[in-house]
Amino acid sequence: MKFRNFISCLSLFLVAGSSFAADVVDTGRSNLNLRPGATEISNQVYDLHMLMFYICIGIAVVVFGAMTYSMVMHRKSKGAKAANFHENLTVEIVWTIVPFVLLIFMAVPAAYTLIDMEDASQPDVTVLVTGSQWKWNYSYRDYDVEYFSSLATPQAQIKNKLTKGQNYLLEVDRPLVIPTGKKVRFLITSDDVIHSWYVPDFAIKKDANPGFINEAWANVIEPGVYRGQCAELCGKDHGFMPIVVIAKEPAEFDIWIAEQETIARKAKEEEQRLLSMNMSMEELMSKGKSVYESVCAACHMPNGEGLPGVFPSLKGSPMALEDIPGHIDIVVNGSPGTSMASFSKQLTMSEIAAVVTYERNAWGNNTGDLVQAKDVNAIMNGTE
Amino acid sequence: MATTTDTNHADTANDGHASDDHHHHAPSGITRWLFTTNHKDIGTLYLWFAFIMFLIGGAMAMVIRAELFQPGLQIVEPNFFNQMTTVHGLIMVFGAVMPAFTGLANWLVPMMIGAPDMALPRMNNWSFWILPFAFLILLSSLFMEGGGPAFGWTFYAPLSTTYSGDSTALFVFSVHIMGISSIMGAINVIVTIFNMRAPGMTYMKMPLFVWTWLITAFLLIAVMPVLAAAVTMVLTDKFFGTSFFSAAGGGDPVLFQHIFWFFGHPEVYIMILPAFGIISQIIPTFSRKKLFGYASMVYATASIALLSFIVWAHHMFTTGMPVAFEMFFMFATMLISVPTGVKVFNWVATMWRGSLSFEIPMLFAIAFIVLFTIGGLSGLMLAITPVDFQYHDTYFVVAHFHYVLVTGAVFSIMAAVYYWLPKWTGKMFDITLAKWHFWCSLISVNLLFFPMHFVGLAGMPRRIPDYALQFADFNKWISVGGFAFGLSQFIFLALLIKACRHQGESVSSQVWDGAEGLEWEIPSPAPYHTFETPPVVK
């Protein structure tokens, strides 16, 4: 009777299992297991994982087999009489030694792979990866290229107002680009809390610790797009800071990086040009609104009211109504000892000017104040 | 195992109040429970407290699973989601599992070693009654402006310091109280076992449950102060300008993790060693055969406890340790599987050629062995540093620790309650309800936690309120399993209420056919005072 129950449970699981298997066929890639990944190391890791898995299955078959045999054959209801033994030194020594030997078979290949993974010396390309709430910054140490990479999925999809795209929550505005066939070293750190840079296809998960730099490396075999996520709880939007890495052939990478250097240089020139210009209230407000919504709204909320007790409100706040230089200063330099970060790296002077103007004139903060790029420059470079 | 020669005296002395067991020297009504120094009353208080916390923590898990039922944000905001995962973890660890084991220790340790009560009964009262205040403080913080703690039950700095809300102070204070309670409970267990064993109850005759609790109590005394230090440093970093965990002031955020896991890993064994003890009591009873390898069980428990102090950094492989440290912690961690394996093999050998029957406690015990072993094997996989880089902080880890904590620790507590409940109440519980409870829990808990292995391997990080579409199908199933497991516990609640009203058939003092030990030689229900004259154990 109870045994029949057990069989029916088992068949239920098999049915459930086969429906999962059908899903796998639909999406074309495994939802069930690790992926072998895109580097030689990640393939080694996959092999280790499978080795461990099979050893564990073997142990489970032996242990559960013996248990099931007892449960079927040594039942009181079948008239089984209990034997009298309760120790056996030989058996006990055997089942202490045998697992120990098995462990050595797991430990040796694991140690070799680990040594390879932790050797980030002699890289061809180095990228400094900096986590901050809730975006990544990529800075190429050998080129004059640095940019932020944040979630590209629209809020409307997250709030279920639009159909979710194929790469929902795994898409960014500016992916990291690296060359294939080269040893790329990642130096990983953080500006605020601990994050973790996790790209499954490279078998990399390395914590970004504020004030310390960690290393990891990948040598990607095939060009492609590889996606990951922040893996260490880092506050409210921890689930919304994905990682996208595009691996390109070295020649294409060289073209791309040259383009980026040109873009970066032009942006700097443009910033200098804007310093001498005054923008109108309309321009400042519309630019400020878009900057606010993509950068500030995560904490201070789109309505400027913040999250009571967590993130302060800007609506009606003295900070946004009174002293202008103080307002610019907190955006430029952040507020030490709080979650308010410095935005001087992420935003241009004209963007900071626009967003400060927006905060001083939106949601009923009708100060009428205009802030221009040169005002920001004065605070940043102390020319005033 | 042990037989008594002098139980007659105790029996006749207690027969009188076996029938009205709650009126002996004790005030009635609420003051009975407030002022009680009786180990059985305090055990009951602990167990009910743990069960209420289990339901509250479970309700939070239901919020989590409801939000994760499908992709997108539907029910809660991310900040509240983080509070739910944090407080769920804290409540289940400190409010449900640990007090439940302390409650079992209170009820059973004196009865198993032939002692009249715990050694320090007034402290026993205090160690229980500060607990409700600890959890009141923690739960009330959820209603503060900005909400309760949202940094995970592991409260990694600086998320819990510079970047946390003001409720952190309440969190710190409540963890302090929980720690004080645990330490006092542990001292009581140790002092009782050292000093109050009946004549002839030598250490190597003690039931395994007593042994595992003795070792657990030492672990508690060793590591709860470390937790207290960690939360105190968080408090001063946040409110008093110290920089223990801030690089800007010469500290190190990873130092926090070393301190936390130096507490945290032994804590894992605090939550599983008493479970090993329970299973080692139940399996022999329903196999009608002595426990295989009693001595090796004791040594294995002690070696697990010792090893637990040198493996903490396997929780921190991704923090960027030197490769030599990673190797040390990998090998030390793998080593733990040897004594743990010995335990599982001993249980199977106890069943081997026994005369098995499958009463409810045995069903839970067998489910424990199978499912705990699955959790143990995934733990072995997690020990391998290079693959841990893949598993770490994904749902694979969530699956692993829920297999060892829910189908491990919690199932063992349920097994224990079913095993000793007739001894406590004198009546057999409602077996039909118990069977429903077991089968519903068993099926739903696997639907809940097994697919987590798959989404974890496919790369879903833990502690996220929303996820990519490739994880959607499994998460739906996981949530369905979660709701079903949650509902199944109301069957247990109904059964417990019936049992507390003393409904059901009266049972003999032995209750179960093959049960051995001092607690089965006193009448059922166990009288308010037992072993006022110590039994003599041969």
# chains A, B, ... in the order shown; residues from 1 in each chain; ligands from 1
$ select_by_dssp --residues "range 46-101 of chain B" --states "helix (DSSP H, G or I)" --output "NGL selection string"
:B and (46-67 or 78-101)
$ write_last_selection --atoms "C-alpha atoms" --output "compact mmCIF listing (two decimals), in the first residue's frame"
# COMPACT_ATOMS: atom_id res chain seq x y z
CA TYR B 46 10.10 26.79 23.08
CA LEU B 47 8.39 24.37 20.70
CA TRP B 48 5.24 26.48 20.29
CA PHE B 49 7.33 29.61 19.90
CA ALA B 50 9.38 27.89 17.20
CA PHE B 51 6.25 26.73 15.41
CA ILE B 52 4.71 30.22 15.43
CA MET B 53 7.98 31.63 14.09
CA PHE B 54 8.02 28.88 11.45
CA LEU B 55 4.60 30.05 10.28
CA ILE B 56 5.61 33.74 10.29
CA GLY B 57 8.89 33.05 8.48
CA GLY B 58 6.92 30.79 6.14
CA ALA B 59 4.45 33.58 5.40
CA MET B 60 7.41 35.70 4.29
CA ALA B 61 8.57 32.86 2.05
CA MET B 62 5.10 32.88 0.52
CA VAL B 63 5.49 36.58 -0.30
CA ILE B 64 8.84 35.80 -1.92
CA ARG B 65 7.41 32.91 -3.95
CA ALA B 66 4.35 34.93 -4.96
CA GLU B 67 6.57 37.70 -6.34
CA PRO B 78 12.42 45.35 -4.57
CA ASN B 79 13.23 47.02 -1.25
CA PHE B 80 10.44 45.15 0.52
CA PHE B 81 11.42 41.93 -1.27
CA ASN B 82 14.90 42.26 0.22
CA GLN B 83 13.38 42.76 3.68
CA MET B 84 11.38 39.58 3.18
CA THR B 85 14.40 37.44 2.20
CA THR B 86 16.40 38.91 5.10
CA VAL B 87 13.82 38.51 7.83
CA HIS B 88 12.69 35.12 6.48
CA GLY B 89 16.25 33.85 6.90
CA LEU B 90 16.75 35.38 10.35
CA ILE B 91 13.43 34.06 11.65
CA MET B 92 13.88 30.56 10.30
CA VAL B 93 17.43 30.21 11.64
CA PHE B 94 17.17 31.98 15.00
CA GLY B 95 13.43 31.83 15.60
CA ALA B 96 12.31 28.45 14.27
CA VAL B 97 15.08 25.86 13.97
CA MET B 98 17.27 26.81 16.93
CA PRO B 99 14.45 27.29 19.50
CA ALA B 100 12.79 24.08 18.31
CA PHE B 101 15.97 22.13 19.06
$ residues_around --residues "range 237-248 of chain B" --least-positions-apart "3" --cutoff "9 Å" --atoms "only C-alpha atoms" --output "tab-separated table (two decimals) with N, CA and C atoms, in the first residue's frame"
chain	number	residue	atom	x	y	z
A	210	PRO	N	34.70	47.16	-2.20
A	210	PRO	CA	35.11	48.57	-2.17
A	210	PRO	C	36.46	48.71	-1.48
A	211	GLY	N	37.40	49.38	-2.15
A	211	GLY	CA	38.71	49.62	-1.55
A	211	GLY	C	39.73	48.55	-1.85
A	212	PHE	N	39.33	47.49	-2.53
A	212	PHE	CA	40.27	46.42	-2.86
A	212	PHE	C	40.06	46.02	-4.32
A	337	GLY	N	29.60	58.62	3.76
A	337	GLY	CA	28.88	58.00	4.86
A	337	GLY	C	27.42	57.73	4.55
B	157	ALA	N	28.73	43.77	5.37
B	157	ALA	CA	29.11	45.18	5.33
B	157	ALA	C	29.74	45.43	3.95
B	158	PRO	N	29.67	46.65	3.42
B	158	PRO	CA	29.07	47.86	3.98
B	158	PRO	C	27.58	48.03	3.67
B	160	SER	N	25.24	46.65	5.17
B	160	SER	CA	24.54	46.71	6.45
B	160	SER	C	25.02	47.87	7.31
B	161	THR	N	26.06	48.57	6.86
B	161	THR	CA	26.54	49.69	7.67
B	161	THR	C	26.17	51.01	6.98
B	162	THR	N	27.10	51.54	6.19
B	162	THR	CA	26.86	52.84	5.55
B	162	THR	C	25.58	52.87	4.73
B	163	TYR	N	25.23	51.75	4.11
B	163	TYR	CA	24.15	51.76	3.13
B	163	TYR	C	22.84	51.22	3.66
B	164	SER	N	22.73	51.02	4.98
B	164	SER	CA	21.49	50.45	5.51
B	164	SER	C	20.63	51.53	6.15
B	166	ASP	N	17.97	52.98	9.32
B	166	ASP	CA	18.17	53.12	10.76
B	166	ASP	C	17.69	51.90	11.54
B	168	THR	N	18.69	49.14	11.36
B	168	THR	CA	19.84	48.29	11.66
B	168	THR	C	20.11	48.20	13.16
B	169	ALA	N	19.86	49.33	13.87
B	169	ALA	CA	20.09	49.32	15.32
B	169	ALA	C	19.18	48.29	15.99
B	232	THR	N	28.04	43.98	16.78
B	232	THR	CA	28.48	45.18	17.49
B	232	THR	C	29.35	46.05	16.59
B	233	MET	N	30.23	45.42	15.84
B	233	MET	CA	31.06	46.20	14.93
B	233	MET	C	30.23	46.86	13.84
B	234	VAL	N	29.18	46.14	13.38
B	234	VAL	CA	28.27	46.76	12.42
B	234	VAL	C	27.61	47.99	13.04
B	251	GLY	N	39.83	49.83	7.34
B	251	GLY	CA	39.24	48.52	7.61
B	251	GLY	C	39.11	47.69	6.35
B	252	ASP	N	38.31	46.64	6.40
B	252	ASP	CA	38.21	45.74	5.27
B	252	ASP	C	36.82	45.08	5.27
B	253	PRO	N	36.04	45.28	4.20
B	253	PRO	CA	34.71	44.67	4.18
B	253	PRO	C	34.77	43.13	4.21
B	254	VAL	N	35.86	42.56	3.69
B	254	VAL	CA	35.95	41.10	3.69
B	254	VAL	C	36.20	40.57	5.11
B	255	LEU	N	36.81	41.41	5.96
B	255	LEU	CA	36.98	41.02	7.36
B	255	LEU	C	35.63	40.67	7.97
B	256	PHE	N	34.60	41.45	7.60
B	256	PHE	CA	33.27	41.13	8.13
B	256	PHE	C	32.89	39.70	7.79
$ residues_around --residues "range 83-96 of chain A" --least-positions-apart "2" --cutoff "9 Å" --atoms "only C-alpha atoms" --output "ChimeraX atom specification"
/A:81,98-100 /B:288-294,296,338-339,341-342,345-346,349-350,352-355
$ write_last_selection --atoms "N, CA and C atoms" --output "PDB file, in the first residue's frame"
ATOM      1  N   LYS A  81      12.712 -10.723  10.925  1.00  0.00           N
ATOM      2  CA  LYS A  81      13.187 -10.681  12.314  1.00  0.00           C
ATOM      3  C   LYS A  81      14.483  -9.863  12.334  1.00  0.00           C
ATOM      4  N   VAL A  98      37.259   4.439   1.904  1.00  0.00           N
ATOM      5  CA  VAL A  98      36.841   4.534   0.498  1.00  0.00           C
ATOM      6  C   VAL A  98      36.404   5.963   0.122  1.00  0.00           C
ATOM      7  N   PRO A  99      35.544   6.606   0.932  1.00  0.00           N
ATOM      8  CA  PRO A  99      35.190   7.999   0.582  1.00  0.00           C
ATOM      9  C   PRO A  99      36.410   8.907   0.548  1.00  0.00           C
ATOM     10  N   PHE A 100      37.361   8.659   1.463  1.00  0.00           N
ATOM     11  CA  PHE A 100      38.557   9.479   1.502  1.00  0.00           C
ATOM     12  C   PHE A 100      39.321   9.372   0.182  1.00  0.00           C
TER      13      PHE A 100
ATOM     14  N   ARG B 288      13.861  -1.956  15.054  1.00  0.00           N
ATOM     15  CA  ARG B 288      13.894  -2.952  16.143  1.00  0.00           C
ATOM     16  C   ARG B 288      15.287  -3.562  16.266  1.00  0.00           C
ATOM     17  N   LYS B 289      16.263  -2.708  16.210  1.00  0.00           N
ATOM     18  CA  LYS B 289      17.649  -3.160  16.172  1.00  0.00           C
ATOM     19  C   LYS B 289      18.483  -2.045  16.763  1.00  0.00           C
ATOM     20  N   LYS B 290      19.562  -2.407  17.467  1.00  0.00           N
ATOM     21  CA  LYS B 290      20.392  -1.369  18.076  1.00  0.00           C
ATOM     22  C   LYS B 290      21.054  -0.506  17.001  1.00  0.00           C
ATOM     23  N   LEU B 291      21.310   0.755  17.371  1.00  0.00           N
ATOM     24  CA  LEU B 291      21.992   1.660  16.442  1.00  0.00           C
ATOM     25  C   LEU B 291      23.338   1.065  16.044  1.00  0.00           C
ATOM     26  N   PHE B 292      23.600   1.030  14.750  1.00  0.00           N
ATOM     27  CA  PHE B 292      24.887   0.514  14.277  1.00  0.00           C
ATOM     28  C   PHE B 292      25.968   1.561  14.560  1.00  0.00           C
ATOM     29  N   GLY B 293      27.075   1.096  15.143  1.00  0.00           N
ATOM     30  CA  GLY B 293      28.245   1.968  15.314  1.00  0.00           C
ATOM     31  C   GLY B 293      28.015   3.137  16.251  1.00  0.00           C
ATOM     32  N   TYR B 294      27.484   2.875  17.463  1.00  0.00           N
ATOM     33  CA  TYR B 294      27.236   3.963  18.416  1.00  0.00           C
ATOM     34  C   TYR B 294      28.488   4.812  18.641  1.00  0.00           C
ATOM     35  N   SER B 296      31.181   5.144  16.850  1.00  0.00           N
ATOM     36  CA  SER B 296      31.633   5.911  15.682  1.00  0.00           C
ATOM     37  C   SER B 296      30.693   7.089  15.419  1.00  0.00           C
ATOM     38  N   VAL B 338      33.551  12.930   5.066  1.00  0.00           N
ATOM     39  CA  VAL B 338      33.886  11.587   5.572  1.00  0.00           C
ATOM     40  C   VAL B 338      33.083  11.248   6.835  1.00  0.00           C
ATOM     41  N   PRO B 339      33.188  12.056   7.922  1.00  0.00           N
ATOM     42  CA  PRO B 339      32.344  11.718   9.085  1.00  0.00           C
ATOM     43  C   PRO B 339      30.848  11.808   8.795  1.00  0.00           C
ATOM     44  N   GLY B 341      29.439  11.056   5.971  1.00  0.00           N
ATOM     45  CA  GLY B 341      29.144   9.795   5.287  1.00  0.00           C
ATOM     46  C   GLY B 341      29.024   8.656   6.284  1.00  0.00           C
ATOM     47  N   VAL B 342      29.934   8.612   7.254  1.00  0.00           N
ATOM     48  CA  VAL B 342      29.894   7.554   8.270  1.00  0.00           C
ATOM     49  C   VAL B 342      28.516   7.522   8.938  1.00  0.00           C
ATOM     50  N   PHE B 345      25.944   6.066   6.515  1.00  0.00           N
ATOM     51  CA  PHE B 345      26.167   4.620   6.379  1.00  0.00           C
ATOM     52  C   PHE B 345      25.688   3.886   7.629  1.00  0.00           C
ATOM     53  N   ASN B 346      25.942   4.475   8.817  1.00  0.00           N
ATOM     54  CA  ASN B 346      25.506   3.828  10.054  1.00  0.00           C
ATOM     55  C   ASN B 346      23.983   3.691  10.120  1.00  0.00           C
ATOM     56  N   ALA B 349      23.013   0.979   7.816  1.00  0.00           N
ATOM     57  CA  ALA B 349      23.386  -0.320   8.390  1.00  0.00           C
ATOM     58  C   ALA B 349      22.459  -0.696   9.553  1.00  0.00           C
ATOM     59  N   THR B 350      21.927   0.324  10.245  1.00  0.00           N
ATOM     60  CA  THR B 350      20.966   0.026  11.303  1.00  0.00           C
ATOM     61  C   THR B 350      19.687  -0.555  10.706  1.00  0.00           C
ATOM     62  N   TRP B 352      19.529  -2.144   7.910  1.00  0.00           N
ATOM     63  CA  TRP B 352      19.860  -3.380   7.203  1.00  0.00           C
ATOM     64  C   TRP B 352      19.563  -4.593   8.087  1.00  0.00           C
ATOM     65  N   ARG B 353      18.780  -5.505   7.569  1.00  0.00           N
ATOM     66  CA  ARG B 353      18.381  -6.720   8.274  1.00  0.00           C
ATOM     67  C   ARG B 353      17.717  -6.421   9.623  1.00  0.00           C
ATOM     68  N   GLY B 354      17.043  -5.269   9.685  1.00  0.00           N
ATOM     69  CA  GLY B 354      16.200  -4.998  10.839  1.00  0.00           C
ATOM     70  C   GLY B 354      14.819  -5.574  10.597  1.00  0.00           C
ATOM     71  N   SER B 355      13.884  -5.141  11.443  1.00  0.00           N
ATOM     72  CA  SER B 355      12.496  -5.555  11.257  1.00  0.00           C
ATOM     73  C   SER B 355      11.704  -4.252  11.172  1.00  0.00           C
TER      74      SER B 355
END
$ closest_atom_pairs --of "chain A" --to "chain B" --cutoff "6 Å" --atoms "only C-alpha atoms" --output "JSON lines"
{"residue": "A:Asn31", "atom": "CA", "partner": "B:Ala458", "partner_atom": "CA", "distance": 5.5}
{"residue": "A:Leu32", "atom": "CA", "partner": "B:Phe454", "partner_atom": "CA", "distance": 4.5}
{"residue": "A:Asn33", "atom": "CA", "partner": "B:Leu457", "partner_atom": "CA", "distance": 5.1}
{"residue": "A:Leu34", "atom": "CA", "partner": "B:Leu457", "partner_atom": "CA", "distance": 4.8}
{"residue": "A:Val45", "atom": "CA", "partner": "B:Val387", "partner_atom": "CA", "distance": 5.7}
{"residue": "A:Cys56", "atom": "CA", "partner": "B:Leu377", "partner_atom": "CA", "distance": 5.9}
{"residue": "A:Met67", "atom": "CA", "partner": "B:Val348", "partner_atom": "CA", "distance": 5.8}
{"residue": "A:Ser70", "atom": "CA", "partner": "B:Trp352", "partner_atom": "CA", "distance": 5.3}
{"residue": "A:His74", "atom": "CA", "partner": "B:Ser355", "partner_atom": "CA", "distance": 5.5}
{"residue": "A:Arg75", "atom": "CA", "partner": "B:Leu356", "partner_atom": "CA", "distance": 4.4}
{"residue": "A:Lys76", "atom": "CA", "partner": "B:Ser355", "partner_atom": "CA", "distance": 4.5}
{"residue": "A:Ala80", "atom": "CA", "partner": "B:Ser355", "partner_atom": "CA", "distance": 5.1}
{"residue": "A:Lys81", "atom": "CA", "partner": "B:Ser355", "partner_atom": "CA", "distance": 5.3}
{"residue": "A:Ala82", "atom": "CA", "partner": "B:Gly354", "partner_atom": "CA", "distance": 4.1}
{"residue": "A:Ala83", "atom": "CA", "partner": "B:Arg353", "partner_atom": "CA", "distance": 5.7}
{"residue": "A:His86", "atom": "CA", "partner": "B:Phe292", "partner_atom": "CA", "distance": 4.2}
{"residue": "A:Glu87", "atom": "CA", "partner": "B:Gly293", "partner_atom": "CA", "distance": 4.9}
{"residue": "A:Leu114", "atom": "CA", "partner": "B:Pro386", "partner_atom": "CA", "distance": 5.5}
{"residue": "A:Ile158", "atom": "CA", "partner": "B:Gly72", "partner_atom": "CA", "distance": 4.7}
{"residue": "A:Lys159", "atom": "CA", "partner": "B:Leu73", "partner_atom": "CA", "distance": 5.6}
{"residue": "A:Asn160", "atom": "CA", "partner": "B:Gly72", "partner_atom": "CA", "distance": 6.0}
{"residue": "A:Tyr168", "atom": "CA", "partner": "B:Ala468", "partner_atom": "CA", "distance": 5.5}
{"residue": "A:Leu169", "atom": "CA", "partner": "B:Ala468", "partner_atom": "CA", "distance": 5.6}
{"residue": "A:Val193", "atom": "CA", "partner": "B:Pro158", "partner_atom": "CA", "distance": 5.5}
{"residue": "A:Ala203", "atom": "CA", "partner": "B:Gln390", "partner_atom": "CA", "distance": 5.9}
{"residue": "A:Lys205", "atom": "CA", "partner": "B:Phe389", "partner_atom": "CA", "distance": 5.5}
{"residue": "A:Lys206", "atom": "CA", "partner": "B:Thr318", "partner_atom": "CA", "distance": 5.0}
{"residue": "A:Asp207", "atom": "CA", "partner": "B:Thr319", "partner_atom": "CA", "distance": 5.1}
{"residue": "A:Gly211", "atom": "CA", "partner": "B:Ala247", "partner_atom": "CA", "distance": 5.1}
{"residue": "A:Asn214", "atom": "CA", "partner": "B:Gly320", "partner_atom": "CA", "distance": 5.8}
{"residue": "A:Ala231", "atom": "CA", "partner": "B:Pro461", "partner_atom": "CA", "distance": 5.6}
{"residue": "A:Lys236", "atom": "CA", "partner": "B:Asn79", "partner_atom": "CA", "distance": 4.9}
{"residue": "A:Gly239", "atom": "CA", "partner": "B:Ile464", "partner_atom": "CA", "distance": 4.6}
{"residue": "A:Pro308", "atom": "CA", "partner": "B:Gly146", "partner_atom": "CA", "distance": 5.3}
{"residue": "A:Gly309", "atom": "CA", "partner": "B:Gly146", "partner_atom": "CA", "distance": 3.8}
{"residue": "A:Val310", "atom": "CA", "partner": "B:Gly146", "partner_atom": "CA", "distance": 5.0}
{"residue": "A:Gly337", "atom": "CA", "partner": "B:Thr162", "partner_atom": "CA", "distance": 5.6}
{"residue": "A:Thr338", "atom": "CA", "partner": "B:Thr162", "partner_atom": "CA", "distance": 5.7}
{"residue": "A:Ser339", "atom": "CA", "partner": "B:Tyr163", "partner_atom": "CA", "distance": 5.4}
$ write_last_selection --atoms "C-alpha atoms" --output "PDB file, in the first residue's frame"
ATOM      1  CA  ASN A  31      17.680  25.138 -18.659  1.00  0.00           C
ATOM      2  CA  LEU A  32      18.779  22.219 -16.533  1.00  0.00           C
ATOM      3  CA  ASN A  33      22.524  22.270 -16.298  1.00  0.00           C
ATOM      4  CA  LEU A  34      25.639  24.366 -16.352  1.00  0.00           C
ATOM      5  CA  VAL A  45      34.996  23.688 -14.907  1.00  0.00           C
ATOM      6  CA  CYS A  56      27.479  11.963  -6.356  1.00  0.00           C
ATOM      7  CA  MET A  67      18.152   1.604   1.984  1.00  0.00           C
ATOM      8  CA  SER A  70      16.113  -2.932   3.431  1.00  0.00           C
ATOM      9  CA  HIS A  74      13.377  -6.290   5.846  1.00  0.00           C
ATOM     10  CA  ARG A  75       9.848  -5.231   6.668  1.00  0.00           C
ATOM     11  CA  LYS A  76       8.233  -6.325   9.878  1.00  0.00           C
ATOM     12  CA  ALA A  80      11.409  -9.979   9.037  1.00  0.00           C
ATOM     13  CA  LYS A  81      13.187 -10.681  12.314  1.00  0.00           C
ATOM     14  CA  ALA A  82      15.780  -8.131  13.379  1.00  0.00           C
ATOM     15  CA  ALA A  83      19.389  -9.288  13.304  1.00  0.00           C
ATOM     16  CA  HIS A  86      25.492  -3.356  15.820  1.00  0.00           C
ATOM     17  CA  GLU A  87      29.114  -2.885  14.905  1.00  0.00           C
ATOM     18  CA  LEU A 114      41.986  26.299  -9.668  1.00  0.00           C
ATOM     19  CA  ILE A 158       9.451  45.354 -15.585  1.00  0.00           C
ATOM     20  CA  LYS A 159       6.081  46.797 -14.474  1.00  0.00           C
ATOM     21  CA  ASN A 160       4.316  44.426 -16.909  1.00  0.00           C
ATOM     22  CA  TYR A 168      14.598  40.793 -20.497  1.00  0.00           C
ATOM     23  CA  LEU A 169      16.831  41.993 -17.616  1.00  0.00           C
ATOM     24  CA  VAL A 193      28.865  48.115  -1.484  1.00  0.00           C
ATOM     25  CA  ALA A 203      33.246  30.633 -15.303  1.00  0.00           C
ATOM     26  CA  LYS A 205      32.320  35.146 -10.485  1.00  0.00           C
ATOM     27  CA  LYS A 206      34.476  37.548  -8.564  1.00  0.00           C
ATOM     28  CA  ASP A 207      33.412  39.921  -5.825  1.00  0.00           C
ATOM     29  CA  GLY A 211      38.705  49.621  -1.552  1.00  0.00           C
ATOM     30  CA  ASN A 214      40.359  41.472  -7.373  1.00  0.00           C
ATOM     31  CA  ALA A 231      25.703  37.971  -7.991  1.00  0.00           C
ATOM     32  CA  LYS A 236      17.396  47.568  -3.817  1.00  0.00           C
ATOM     33  CA  GLY A 239      18.376  42.172  -9.572  1.00  0.00           C
ATOM     34  CA  PRO A 308      11.008  57.287   3.299  1.00  0.00           C
ATOM     35  CA  GLY A 309      13.669  56.152   5.743  1.00  0.00           C
ATOM     36  CA  VAL A 310      15.912  54.820   2.982  1.00  0.00           C
ATOM     37  CA  GLY A 337      28.880  57.999   4.858  1.00  0.00           C
ATOM     38  CA  THR A 338      25.612  57.688   2.930  1.00  0.00           C
ATOM     39  CA  SER A 339      24.389  55.944  -0.222  1.00  0.00           C
TER      40      SER A 339
END
$ atom_distance --atom1 "CA of Tyr418 in chain B" --atom2 "CA of Ala434 in chain B"
8.3 Å
$ atom_distance --atom1 "CA of Trp312 in chain B" --atom2 "CA of Met106 in chain A"
20.2 Å
$ residues_around --residues "range 359-365 of chain A" --least-positions-apart "6" --cutoff "12 Å" --atoms "only C-alpha atoms" --output "PyMOL selection string"
chain A and resi 281-282+284-293+296-297+300-305+313-324+327-328+331+352-353+371
$ closest_residue --among "A:Glu249, A:Ser350, A:Pro175, A:Asn167" --to "Asn278 in chain A" --atoms "only C-alpha atoms"
A:Ser350
$ closest_residue --among "B:Glu505, B:Asp117, B:Asp513, B:Glu519" --to "Glu359 in chain B" --atoms "only C-alpha atoms"
B:Asp513
$ atom_distance --atom1 "CA of Met428 in chain B" --atom2 "CA of Thr44 in chain B"
17.3 Å
$ select_by_dssp --residues "range 187-312 of chain A" --states "strand (DSSP E or B)" --output "ChimeraX atom specification"
/A:187-190,195-199,204-208,210,214-218,220,224-230,242-248,307,311
$ write_last_selection --atoms "C-alpha atoms" --output "CSV table (one decimal), in the first residue's frame"
chain,number,residue,atom,x,y,z
A,187,LEU,CA,40.5,44.1,-12.4
A,188,ILE,CA,37.4,44.1,-10.3
A,189,THR,CA,36.4,46.7,-7.6
A,190,SER,CA,33.5,48.7,-6.3
A,195,HIS,CA,29.0,43.5,-5.9
A,196,SER,CA,30.0,40.4,-7.8
A,197,TRP,CA,30.9,40.3,-11.5
A,198,TYR,CA,29.4,37.0,-12.8
A,199,VAL,CA,29.6,35.8,-16.3
A,204,ILE,CA,34.0,34.0,-13.6
A,205,LYS,CA,32.3,35.1,-10.5
A,206,LYS,CA,34.5,37.5,-8.6
A,207,ASP,CA,33.4,39.9,-5.8
A,208,ALA,CA,33.8,43.6,-6.3
A,210,PRO,CA,35.1,48.6,-2.2
A,214,ASN,CA,40.4,41.5,-7.4
A,215,GLU,CA,41.6,39.8,-10.5
A,216,ALA,CA,40.0,37.4,-13.0
A,217,TRP,CA,40.7,36.5,-16.6
A,218,ALA,CA,39.2,35.0,-19.7
A,220,VAL,CA,37.3,33.6,-25.2
A,224,GLY,CA,29.6,36.1,-29.4
A,225,VAL,CA,27.4,37.8,-26.8
A,226,TYR,CA,27.8,36.5,-23.2
A,227,ARG,CA,25.4,37.6,-20.5
A,228,GLY,CA,25.6,37.6,-16.7
A,229,GLN,CA,24.3,39.4,-13.7
A,230,CYS,CA,25.5,40.9,-10.4
A,242,PRO,CA,23.2,42.8,-15.7
A,243,ILE,CA,26.5,42.3,-17.5
A,244,VAL,CA,26.8,41.9,-21.2
A,245,VAL,CA,30.1,41.1,-22.9
A,246,ILE,CA,30.6,41.0,-26.6
A,247,ALA,CA,33.6,39.1,-27.8
A,248,LYS,CA,34.9,40.3,-31.2
A,307,LEU,CA,11.8,56.0,-0.2
A,311,PHE,CA,16.5,57.5,0.3
$ closest_residue --among "B:Val226, B:Val175, B:Met271, B:Leu108" --to "Ser412 in chain B" --atoms "only C-alpha atoms"
B:Met271
